Structures are given as structure tokens and as C-alpha cells.
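J.: Structure provided below as C-alpha cells; questions to follow.
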Amino acid sequence: MGYVINNDELTVYIINESQNIFNEKEQKYIQTTRLNKLIILISEELEQNDVIIEDFVWGYYRHGFYSSTVGDYLKTSYGMDFNLSQLPQKQVDLPEEVTQIINNCISKLSQYFVRDRKTFFEWIYGEITPNEYRDLYLTNRELNKWFEEIKDDLMRRNPQMDLFGRKDRNISGIISKYYFSLEHVEDEEILEIFRKFTDLVEFLSMKLNNNHNISRITIKIDSLFLNYKDIFAILTPYIDTLHGDAKLVHEEKIKHENRVQFYKKKLNKDLDELYEQFDDEGLIPTIDELNNELLTLQKQLSADSPTLRWFYGEIER
Amino acid sequence: MEYGFFCDTGVLIGLCDIRDYHHNTCKFFFDKYPVENHRYYIIEIVEKELKNKKRKLGINAFNNHPQAKILHSYVRRAQQCIDIQLRKMNYFNCKDHGKNSVNQLKNLILCIQPIIGVEAINQVNDIEIVANAIVWSLVKDYDFPGLITVDNKDLGRNASKIIKESEKALKDHVPLKFVYLPDYLKH
């Protein structure tokens, strides 16, 4: 087809056409994140039809696929907080073949974009996201949900006990799953930051199971949750998945690398300080508490499971 | 009587993994002499070796295991235990104790190498640990300076030979006692 359009034209046209396709009630579902994702999905279809989109770049970031160029355009033009029904129509002229593809795409995708938040993100992460990153995004959601639920438990001062008499809502299972979703992370320092973070989360969960002072645990859960947002940002495969205008991809890579360096420094400092605070406040588990945890896990393991010494011996071979 | 203990890598693994072959002996010893109330020493190599193994143990190692996720939780917990114990221990560095200690260390390494052997990386580390433990036993004034270990092949069974050769090399009495934990439990 060989047409060339640009980021802003594409965005404006999709806003205009979406306002024609979605009814007024449906338009309320289309806020900045969904609009951004809709534009990316359409851009992929355009690309398959040899339409070049200038000044456009996207990659997998905090909420899955995200275009910073679309995000910047929307923010500058309409602010942060809006839905589709509140956006004005703007004049834009695109070739008919291009508009045809866009219109068909919006019609085809519209049903997915008017679902509730949970169903929408299950579709985004469970079906649209490439296999290798699905577990990362799904487990991230699970961990965010865990933080919300545990904070709620702590606020009500009434943590629920499971069959094993534990109150930590199976955080170990979520964290294990998380580790298995990080195959794409090669930076050792990032993995070490993640380890520091999960260790502290698990220390708190052990203290919670052992009826430690709830107020202290609550304050630390809040601190860890704040750090988690930045940790997730550096775990995302943004650089590896950047796609679009080559010059912008290059610039975006540099920008993200700088962002990662900044977060790494900040997180190392914050997590080390948190560890010291844990130590001062008796939140580091005792060897007996750790042994009890190990006993609970041991009961679930088959007798022939390898030991730590065996694993470490294998590394040396 | 004041006790001081020098730790090798295997002891920490045995203490922190309740399914480890040596767990009961290590637990028995650490229950009797808790880290909180006694002076335990390690050298940086021990910490580095353990951290390095922790770093290298990626999820691929678990992939073929039917209970991979539970096993990962288990291993993580044992590693957390090791990290916590390491933080409670003191670091010994020969360089903090003058030129003479550094020279003694060099002599000792050369003298212990043929006894333990240098075929594997863990043997090289063991030599460093033992040589440092000997210097430590000379510069610290414990009534009982013990090197605790669960390694019979390289350390336990060579204990008397190592002490004898070290005394020859240093021309001095070496107060270090080897505490091979499985024997300690038996007695």
C-alpha cells in the first residue's frame, strides 16, 4: 500500500472514528489506557498492510503494551483524566484505504474494549500479550491484588487463616510464580533487587503468621508496595519489545535505560534502608520461624525432592 | 571458658536446610552455641561463595521438577535463613592484623594445598578458610577456637595432618580445633 501517516494523525482519526462506532455509554469505558491500546492494535494491522506510521513508538511497559508517543499526544492535548465521550473531534485527512482498515479494526475490536476492567485486562494479558510475557503481567496483577487484600486484612485487624493456620494469603506461591515469569530478565542487578524485595515481603508474611505487631507490619507493607511500582517498571521487557519509528526506538531505549539506572540506585538504597528498619523493629524472622516455614513447605514436597546442597553441587559441575 | 567459632560454607547450608543430611548435627551445635550469644567468624569467600551460588541458581534448575514452585519457595526460605545467619557473623580479614598475619596466611596456604588438593574450586576455598582460621586462632585469644565443618573429605579427616604441618610451617603452636559436627553430635 505504501502510505505514510504520523502518530498524531492516527490518534486523532481513531478518536473521531471511535466516537462514531462506540455509543455514548460505551465511550465511557475508553479512557487513556484503553485508547492507547486500541491505537497500538490498529497500528499493527496498518503495519501488516505496509502503512508506515511516523513518530510512533510502543513497547511492553507497566500496563502491557503502551505507546509513549500516543500517551504524550493525549496528555498534551486532553490532560490525564478523560474518556472518549469528552474528546472533541478534530479535522484529519487520511487516504481512504487507510481509513478503511482503521474502521474495520475498530469495529472488530470494539466488543473487547467495553468490558469491565478485570475482563479487559484478562484479555489483554492472557490473549494479546506474547506468551513469554503473559505470566509476568498476570502475576503482577496477582501481587497487586495481594497487597490490596492484605492491607485490607490488616486494616480490619482480622487476617483470614488458611487450612495451615497461615494469614499471609499464600504469598510464597505468588512469589514463586513471579520468579518463573522472569526468564526475560538478564540484568543480575535487577534480579538481586527483586530478591531483596521478595525477601522483605516474605519476612513480613512470616511475622504476620506469627502474630507480630500488626501496626508495624502495616507500615512496612505500605513502604514495600510503594517500592513495588518501581520494581515492576524495571522488570518489564520494554527495551526488548520497543517497536516503531527507528529513531524514536533508539531514543526511547536510551530514555528507559536512564530510567532503569535511576530506579536501580533508588531501590537498592530504599530496600537496604528498609532491611535495617526491619532489623531494628524485630521484623527479621528468627531461625525457628524460618524452620517452621520450611517444615510447612517440606510437608508439601515429595521425599525425593533435591536439597539446597544438591542444587549448589549441580552449579559447580 | 570463651568460645570462638570459624564457619565453613557447608555448615551454614546444613543449618538452614532442614532436609539437609547434616541439618540435625548443625542445628544441635547452633542450639547449644547460638549465634546471638557467641562469636562466629567467616571470611569473605564464604559469603561470596554462597551469594554466587544463590545468584547462579536460576529457575531453569527447577523446571523439570514436578513441584517446582513449592520447591522454589523452600529453597528461597533456606537461602533467606543463610543470609540472616551471615549478617549475624563477624568477618575475619588477615589484613586487619598486620604484615605478620598476612605472611603467615601465605605460608599456610602453601603448606595446606598438598594436603587438601586444588582440583576443585571448593577445595581452593576450603584451603583459604582453613588457613584463615589458623591465623584467626593465633590472633584471637579464645579458650576454644574452633573451626566448625561438615566436610569430612577435605577437612575433617585431614585435621590432625593440617595442624601438624601448619605448626611445622609456622614454627608455632596452633590452637585451632577442628570441630567436625557429625562427630561432635556423636560425642
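Residues in the C-alpha cells are numbered from 1 in each chain, the chains being A, B, ... in the order shown, and ligands are numbered from 1 in the order shown.
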Report as a PDB file with C-alpha atoms, in the first residue's frame all protein, DNA and RNA residues lying within 12 Å of stretch 96-109 of chain B, evaluated on only C-alpha atoms, omitting residues in the same chain fewer than 2 positions from it.
T.:
```pdb
ATOM      1  CA  TYR B  91      34.141 -11.056  59.192  1.00  0.00           C
ATOM      2  CA  PHE B  92      37.744 -12.020  59.641  1.00  0.00           C
ATOM      3  CA  ASN B  93      40.347 -10.441  57.387  1.00  0.00           C
ATOM      4  CA  CYS B  94      44.008 -11.245  57.879  1.00  0.00           C
ATOM      5  CA  CYS B 111      51.505 -25.825  53.249  1.00  0.00           C
ATOM      6  CA  ILE B 112      47.840 -26.895  53.191  1.00  0.00           C
ATOM      7  CA  GLN B 113      47.474 -27.093  49.396  1.00  0.00           C
ATOM      8  CA  PRO B 114      49.109 -30.529  49.035  1.00  0.00           C
ATOM      9  CA  ILE B 115      47.005 -31.945  51.878  1.00  0.00           C
ATOM     10  CA  ILE B 116      43.586 -30.861  50.599  1.00  0.00           C
ATOM     11  CA  GLY B 117      44.366 -30.648  46.889  1.00  0.00           C
ATOM     12  CA  VAL B 118      43.385 -27.951  44.439  1.00  0.00           C
ATOM     13  CA  GLN B 123      38.963 -27.188  47.692  1.00  0.00           C
ATOM     14  CA  VAL B 124      40.632 -23.877  46.875  1.00  0.00           C
ATOM     15  CA  ASN B 125      38.048 -22.148  49.047  1.00  0.00           C
ATOM     16  CA  ASP B 126      38.495 -24.716  51.826  1.00  0.00           C
ATOM     17  CA  ILE B 127      42.235 -24.031  51.873  1.00  0.00           C
ATOM     18  CA  GLU B 128      41.546 -20.294  52.251  1.00  0.00           C
ATOM     19  CA  ILE B 129      39.055 -20.968  55.035  1.00  0.00           C
ATOM     20  CA  VAL B 130      41.388 -23.272  56.999  1.00  0.00           C
ATOM     21  CA  ALA B 131      44.436 -21.038  56.581  1.00  0.00           C
ATOM     22  CA  ASN B 132      42.455 -18.016  57.738  1.00  0.00           C
ATOM     23  CA  ALA B 133      41.019 -19.993  60.644  1.00  0.00           C
ATOM     24  CA  ILE B 134      44.524 -20.886  61.794  1.00  0.00           C
ATOM     25  CA  VAL B 135      45.687 -17.247  61.687  1.00  0.00           C
ATOM     26  CA  TRP B 136      42.452 -16.257  63.453  1.00  0.00           C
ATOM     27  CA  SER B 137      43.125 -18.777  66.215  1.00  0.00           C
ATOM     28  CA  LEU B 138      46.565 -17.222  66.684  1.00  0.00           C
ATOM     29  CA  VAL B 139      45.479 -13.587  66.813  1.00  0.00           C
ATOM     30  CA  LYS B 140      42.296 -14.042  68.846  1.00  0.00           C
ATOM     31  CA  ILE B 162      46.801 -29.923  58.691  1.00  0.00           C
ATOM     32  CA  ILE B 163      47.569 -28.820  62.266  1.00  0.00           C
ATOM     33  CA  LYS B 164      50.853 -30.760  62.317  1.00  0.00           C
ATOM     34  CA  GLU B 165      52.077 -29.327  59.006  1.00  0.00           C
ATOM     35  CA  SER B 166      50.909 -25.824  59.914  1.00  0.00           C
ATOM     36  CA  GLU B 167      52.822 -25.893  63.205  1.00  0.00           C
ATOM     37  CA  LYS B 168      55.875 -27.010  61.281  1.00  0.00           C
ATOM     38  CA  ALA B 169      55.491 -24.190  58.756  1.00  0.00           C
ATOM     39  CA  LEU B 170      54.835 -21.501  61.345  1.00  0.00           C
ATOM     40  CA  LYS B 171      57.184 -22.917  63.970  1.00  0.00           C
ATOM     41  CA  ASP B 172      54.491 -22.147  66.489  1.00  0.00           C
ATOM     42  CA  VAL B 174      48.386 -23.754  66.519  1.00  0.00           C
TER      43      VAL B 174
END
```
J.: Counting only C-alpha atoms, which residues from chain A have an atom at most 8 Å from any atom of chain B, and could you show them as a list of chain:residue names?
T.: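 Within 8 Å of chain B on chain A, we get A:Ser172, A:Gly173, A:Ile175, A:Ser176, A:Lys177, A:Tyr179, A:Phe180, A:Glu183, A:Glu188, A:Glu192, A:Asp199, A:Ile284, A:Ile287, A:Leu290, A:Asn291, A:Glu293, A:Leu294, A:Leu295, A:Leu297, A:Gln298, A:Gln300, A:Leu301, A:Ser305, A:Thr307, A:Leu308, A:Arg309, A:Phe311, A:Tyr312, A:Ile315.
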J.: Quick one: pick out all strand (DSSP E) residues within stretch 33-179 of chain B from a backbone DSSP run and write them as a PyMOL selection string.
T.: chain B and resi 39-42+90-91+144-149+177-179
J.: Mind dumping the selected residues with N, CA, C and O atoms as a short mmCIF file (atom, residue, chain, number, x, y, z; two decimals), in the first residue's frame?
T.:
```cif
data_model
loop_
_atom_site.label_atom_id
_atom_site.label_comp_id
_atom_site.auth_asym_id
_atom_site.auth_seq_id
_atom_site.Cartn_x
_atom_site.Cartn_y
_atom_site.Cartn_z
N ARG B 39 30.65 -15.76 69.50
CA ARG B 39 31.34 -15.09 68.39
C ARG B 39 31.59 -16.10 67.26
O ARG B 39 32.34 -17.05 67.42
N TYR B 40 30.91 -15.87 66.17
CA TYR B 40 31.12 -16.70 64.97
C TYR B 40 31.83 -15.85 63.92
O TYR B 40 31.49 -14.68 63.74
N TYR B 41 32.75 -16.46 63.22
CA TYR B 41 33.51 -15.74 62.21
C TYR B 41 33.40 -16.45 60.85
O TYR B 41 33.33 -17.68 60.79
N ILE B 42 33.43 -15.63 59.82
CA ILE B 42 33.56 -16.19 58.46
C ILE B 42 34.56 -15.32 57.70
O ILE B 42 34.88 -14.22 58.16
N ASN B 90 30.74 -12.40 62.27
CA ASN B 90 31.80 -11.41 62.12
C ASN B 90 32.70 -11.80 60.96
O ASN B 90 32.91 -12.98 60.71
N TYR B 91 33.23 -10.78 60.32
CA TYR B 91 34.14 -11.06 59.19
C TYR B 91 35.58 -11.01 59.68
O TYR B 91 35.96 -10.07 60.38
N PHE B 144 38.67 -21.66 73.45
CA PHE B 144 38.43 -22.73 72.49
C PHE B 144 38.15 -22.12 71.12
O PHE B 144 37.04 -21.72 70.82
N PRO B 145 39.19 -22.02 70.27
CA PRO B 145 38.96 -21.52 68.92
C PRO B 145 38.65 -22.70 67.99
O PRO B 145 39.54 -23.50 67.69
N GLY B 146 37.40 -22.81 67.56
CA GLY B 146 37.01 -23.99 66.78
C GLY B 146 36.65 -23.68 65.34
O GLY B 146 35.95 -22.70 65.07
N LEU B 147 37.12 -24.51 64.44
CA LEU B 147 36.67 -24.42 63.04
C LEU B 147 35.57 -25.45 62.87
O LEU B 147 35.82 -26.66 62.96
N ILE B 148 34.35 -25.00 62.67
CA ILE B 148 33.26 -25.98 62.56
C ILE B 148 33.01 -26.31 61.09
O ILE B 148 32.96 -25.44 60.23
N THR B 149 32.85 -27.60 60.86
CA THR B 149 32.72 -28.06 59.47
C THR B 149 31.89 -29.35 59.40
O THR B 149 31.77 -30.07 60.40
N LYS B 177 41.05 -25.77 66.87
CA LYS B 177 40.49 -27.12 66.98
C LYS B 177 39.51 -27.33 65.84
O LYS B 177 38.68 -26.46 65.58
N PHE B 178 39.62 -28.47 65.18
CA PHE B 178 38.64 -28.81 64.15
C PHE B 178 37.43 -29.43 64.83
O PHE B 178 37.57 -30.37 65.61
N VAL B 179 36.26 -28.89 64.54
CA VAL B 179 35.04 -29.48 65.10
C VAL B 179 34.23 -30.04 63.93
O VAL B 179 33.50 -29.31 63.25
#
```
J.: Please provide as a ChimeraX atom specification all residues within 7 Å of A:Tyr238, with the sequence filter that same-chain residues fewer than 2 positions apart are discarded (counting only C-alpha atoms).
T.: /A:59-61,236,240-242
J.: Between B:Glu2, B:Cys26, B:Tyr180, B:Asp83, single out the one closest to B:Arg157, counting only C-alpha atoms.
T.: B:Tyr180
J.: Which neighbours of A:Phe232 fall inside 9 Å, counting only C-alpha atoms, when residues of the same chain fewer than 2 positions from it are skipped, and could you give them as a ChimeraX atom specification?
T.: /A:61-62,140,194,227-230,234-236
J.: Okay, now the selection with N, CA, C and O atoms, as a PDB file, in the first residue's frame?
T.:
```pdb
ATOM      1  N   TYR A  61       5.225  -2.099  28.700  1.00  0.00           N
ATOM      2  CA  TYR A  61       5.636  -1.418  29.929  1.00  0.00           C
ATOM      3  C   TYR A  61       4.704  -1.789  31.078  1.00  0.00           C
ATOM      4  O   TYR A  61       4.183  -2.914  31.095  1.00  0.00           O
ATOM      5  N   ARG A  62       4.482  -0.885  31.992  1.00  0.00           N
ATOM      6  CA  ARG A  62       3.774  -1.219  33.247  1.00  0.00           C
ATOM      7  C   ARG A  62       2.414  -1.882  33.069  1.00  0.00           C
ATOM      8  O   ARG A  62       2.045  -2.769  33.818  1.00  0.00           O
ATOM      9  N   ASN A 140       1.916 -10.028  38.110  1.00  0.00           N
ATOM     10  CA  ASN A 140       1.954  -8.665  38.636  1.00  0.00           C
ATOM     11  C   ASN A 140       0.571  -8.262  39.155  1.00  0.00           C
ATOM     12  O   ASN A 140       0.439  -7.691  40.232  1.00  0.00           O
ATOM     13  N   PHE A 194      15.009  -7.555  42.964  1.00  0.00           N
ATOM     14  CA  PHE A 194      13.749  -8.303  43.128  1.00  0.00           C
ATOM     15  C   PHE A 194      13.858  -9.273  44.307  1.00  0.00           C
ATOM     16  O   PHE A 194      12.922  -9.415  45.090  1.00  0.00           O
ATOM     17  N   ASN A 227       7.510   0.788  46.786  1.00  0.00           N
ATOM     18  CA  ASN A 227       8.700   0.380  46.033  1.00  0.00           C
ATOM     19  C   ASN A 227       8.358  -0.561  44.881  1.00  0.00           C
ATOM     20  O   ASN A 227       9.016  -0.571  43.847  1.00  0.00           O
ATOM     21  N   TYR A 228       7.332  -1.363  45.098  1.00  0.00           N
ATOM     22  CA  TYR A 228       6.997  -2.370  44.088  1.00  0.00           C
ATOM     23  C   TYR A 228       6.681  -1.752  42.723  1.00  0.00           C
ATOM     24  O   TYR A 228       7.029  -2.301  41.682  1.00  0.00           O
ATOM     25  N   LYS A 229       6.048  -0.588  42.743  1.00  0.00           N
ATOM     26  CA  LYS A 229       5.681   0.047  41.465  1.00  0.00           C
ATOM     27  C   LYS A 229       6.928   0.291  40.604  1.00  0.00           C
ATOM     28  O   LYS A 229       6.909   0.066  39.394  1.00  0.00           O
ATOM     29  N   ASP A 230       7.987   0.746  41.245  1.00  0.00           N
ATOM     30  CA  ASP A 230       9.240   0.996  40.505  1.00  0.00           C
ATOM     31  C   ASP A 230       9.927  -0.324  40.129  1.00  0.00           C
ATOM     32  O   ASP A 230      10.554  -0.431  39.084  1.00  0.00           O
ATOM     33  N   ILE A 234      11.084  -1.838  36.185  1.00  0.00           N
ATOM     34  CA  ILE A 234      12.372  -2.322  35.674  1.00  0.00           C
ATOM     35  C   ILE A 234      12.332  -3.803  35.302  1.00  0.00           C
ATOM     36  O   ILE A 234      13.244  -4.311  34.665  1.00  0.00           O
ATOM     37  N   LEU A 235      11.270  -4.485  35.697  1.00  0.00           N
ATOM     38  CA  LEU A 235      11.143  -5.905  35.310  1.00  0.00           C
ATOM     39  C   LEU A 235      10.471  -6.062  33.943  1.00  0.00           C
ATOM     40  O   LEU A 235      10.542  -7.120  33.324  1.00  0.00           O
ATOM     41  N   THR A 236       9.813  -5.017  33.482  1.00  0.00           N
ATOM     42  CA  THR A 236       9.079  -5.128  32.211  1.00  0.00           C
ATOM     43  C   THR A 236      10.057  -5.259  31.030  1.00  0.00           C
ATOM     44  O   THR A 236      11.188  -4.764  31.097  1.00  0.00           O
TER      45      THR A 236
END
```
J.: Within 8 Å of A:Cys105, counting only C-alpha atoms, which residues show up once you throw out same-chain ones fewer than 3 positions away? Write them as a ChimeraX atom specification, please.
T.: /A:42,45,101-102,108-109
J.: Would you compute the distance between atom CA of A:Gly79 and atom CA of A:Ser18? Give it in Å to one decimal.
T.: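 Taking atom CA of A:Gly79 as the start and atom CA of A:Ser18 as the end point, the length is 18.7 Å.
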J.: May I ask which of the residues B:Asn64, B:Leu110, B:Cys7, B:Phe28 is the closest one to B:Ile43, counting only C-alpha atoms?
T.: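 Smallest separation from B:Ile43 among the options: B:Cys7.
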J.: Contacts of B:Asn152 at 10 Å or less, counting only C-alpha atoms, minus same-chain residues fewer than 3 places along, as a ChimeraX atom specification?
T.: /B:149,155-159,180-183
J.: Tell me which protein, DNA and RNA residues are within 7 Å of stretch 208-222 of chain A, counting only C-alpha atoms, leaving out same-chain ones fewer than 3 positions away, and put them as a PyMOL selection string.
T.: chain A and resi 151+154+166-168+204-205+225-226
J.: For the residues in that selection, give me all heavy atoms as an mmCIF file, in the first residue's frame.
T.:
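Final output, saved to part.cif:
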```
data_model
loop_
_atom_site.group_PDB
_atom_site.id
_atom_site.type_symbol
_atom_site.label_atom_id
_atom_site.label_comp_id
_atom_site.auth_asym_id
_atom_site.auth_seq_id
_atom_site.Cartn_x
_atom_site.Cartn_y
_atom_site.Cartn_z
ATOM 1 N N LYS A 151 -3.586 -5.500 52.895
ATOM 2 C CA LYS A 151 -3.748 -4.203 53.543
ATOM 3 C C LYS A 151 -5.143 -4.093 54.156
ATOM 4 O O LYS A 151 -5.315 -3.553 55.249
ATOM 5 C CB LYS A 151 -3.515 -3.073 52.528
ATOM 6 C CG LYS A 151 -2.011 -2.786 52.357
ATOM 7 C CD LYS A 151 -1.686 -2.039 51.114
ATOM 8 C CE LYS A 151 -2.130 -0.613 51.140
ATOM 9 N NZ LYS A 151 -1.651 0.130 49.972
ATOM 10 N N LEU A 154 -5.223 -6.206 57.264
ATOM 11 C CA LEU A 154 -4.515 -5.558 58.362
ATOM 12 C C LEU A 154 -5.305 -4.376 58.918
ATOM 13 O O LEU A 154 -5.325 -4.144 60.126
ATOM 14 C CB LEU A 154 -3.124 -5.092 57.901
ATOM 15 C CG LEU A 154 -2.121 -6.207 57.573
ATOM 16 C CD1 LEU A 154 -0.925 -5.662 56.799
ATOM 17 C CD2 LEU A 154 -1.641 -6.904 58.838
ATOM 18 N N ARG A 166 -2.274 -20.185 58.382
ATOM 19 C CA ARG A 166 -1.459 -19.046 57.958
ATOM 20 C C ARG A 166 -2.350 -17.879 57.533
ATOM 21 O O ARG A 166 -3.460 -18.089 57.060
ATOM 22 C CB ARG A 166 -0.556 -19.466 56.811
ATOM 23 C CG ARG A 166 0.368 -20.622 57.186
ATOM 24 C CD ARG A 166 0.829 -21.331 55.951
ATOM 25 N NE ARG A 166 1.625 -20.420 55.155
ATOM 26 C CZ ARG A 166 2.933 -20.293 55.293
ATOM 27 N NH1 ARG A 166 3.567 -21.039 56.162
ATOM 28 N NH2 ARG A 166 3.599 -19.454 54.569
ATOM 29 N N LYS A 167 -1.810 -16.675 57.699
ATOM 30 C CA LYS A 167 -2.624 -15.491 57.411
ATOM 31 C C LYS A 167 -2.079 -14.720 56.208
ATOM 32 O O LYS A 167 -2.519 -13.621 55.929
ATOM 33 C CB LYS A 167 -2.622 -14.581 58.635
ATOM 34 C CG LYS A 167 -3.188 -15.241 59.878
ATOM 35 C CD LYS A 167 -2.886 -14.386 61.082
ATOM 36 C CE LYS A 167 -3.369 -15.084 62.345
ATOM 37 N NZ LYS A 167 -2.869 -14.425 63.547
ATOM 38 N N ASP A 168 -1.109 -15.280 55.525
ATOM 39 C CA ASP A 168 -0.402 -14.490 54.505
ATOM 40 C C ASP A 168 -0.966 -14.636 53.091
ATOM 41 O O ASP A 168 -0.368 -14.178 52.130
ATOM 42 C CB ASP A 168 1.092 -14.846 54.506
ATOM 43 C CG ASP A 168 1.354 -16.290 54.105
ATOM 44 O OD1 ASP A 168 0.420 -16.960 53.622
ATOM 45 O OD2 ASP A 168 2.487 -16.745 54.282
ATOM 46 N N LEU A 204 7.833 -10.259 56.241
ATOM 47 C CA LEU A 204 6.620 -9.698 56.849
ATOM 48 C C LEU A 204 5.524 -10.746 56.954
ATOM 49 O O LEU A 204 4.806 -10.804 57.945
ATOM 50 C CB LEU A 204 6.105 -8.528 56.019
ATOM 51 C CG LEU A 204 6.770 -7.170 56.205
ATOM 52 C CD1 LEU A 204 5.982 -6.107 55.460
ATOM 53 C CD2 LEU A 204 6.871 -6.781 57.674
ATOM 54 N N SER A 205 5.402 -11.565 55.909
ATOM 55 C CA SER A 205 4.335 -12.579 55.931
ATOM 56 C C SER A 205 4.590 -13.593 57.057
ATOM 57 O O SER A 205 3.660 -14.049 57.706
ATOM 58 C CB SER A 205 4.205 -13.271 54.568
ATOM 59 O OG SER A 205 5.269 -14.144 54.362
ATOM 60 N N PHE A 225 4.957 -1.709 49.097
ATOM 61 C CA PHE A 225 4.045 -1.531 47.966
ATOM 62 C C PHE A 225 4.475 -0.323 47.126
ATOM 63 O O PHE A 225 4.441 -0.366 45.890
ATOM 64 C CB PHE A 225 2.615 -1.376 48.481
ATOM 65 C CG PHE A 225 1.580 -1.394 47.388
ATOM 66 C CD1 PHE A 225 1.631 -2.336 46.376
ATOM 67 C CD2 PHE A 225 0.539 -0.478 47.372
ATOM 68 C CE1 PHE A 225 0.682 -2.364 45.361
ATOM 69 C CE2 PHE A 225 -0.417 -0.497 46.374
ATOM 70 C CZ PHE A 225 -0.342 -1.438 45.362
ATOM 71 N N LEU A 226 4.903 0.729 47.804
ATOM 72 C CA LEU A 226 5.379 1.917 47.078
ATOM 73 C C LEU A 226 6.589 1.561 46.212
ATOM 74 O O LEU A 226 6.677 1.951 45.052
ATOM 75 C CB LEU A 226 5.783 3.008 48.067
ATOM 76 C CG LEU A 226 4.654 3.878 48.610
ATOM 77 C CD1 LEU A 226 5.207 4.867 49.623
ATOM 78 C CD2 LEU A 226 3.980 4.637 47.468
#
```
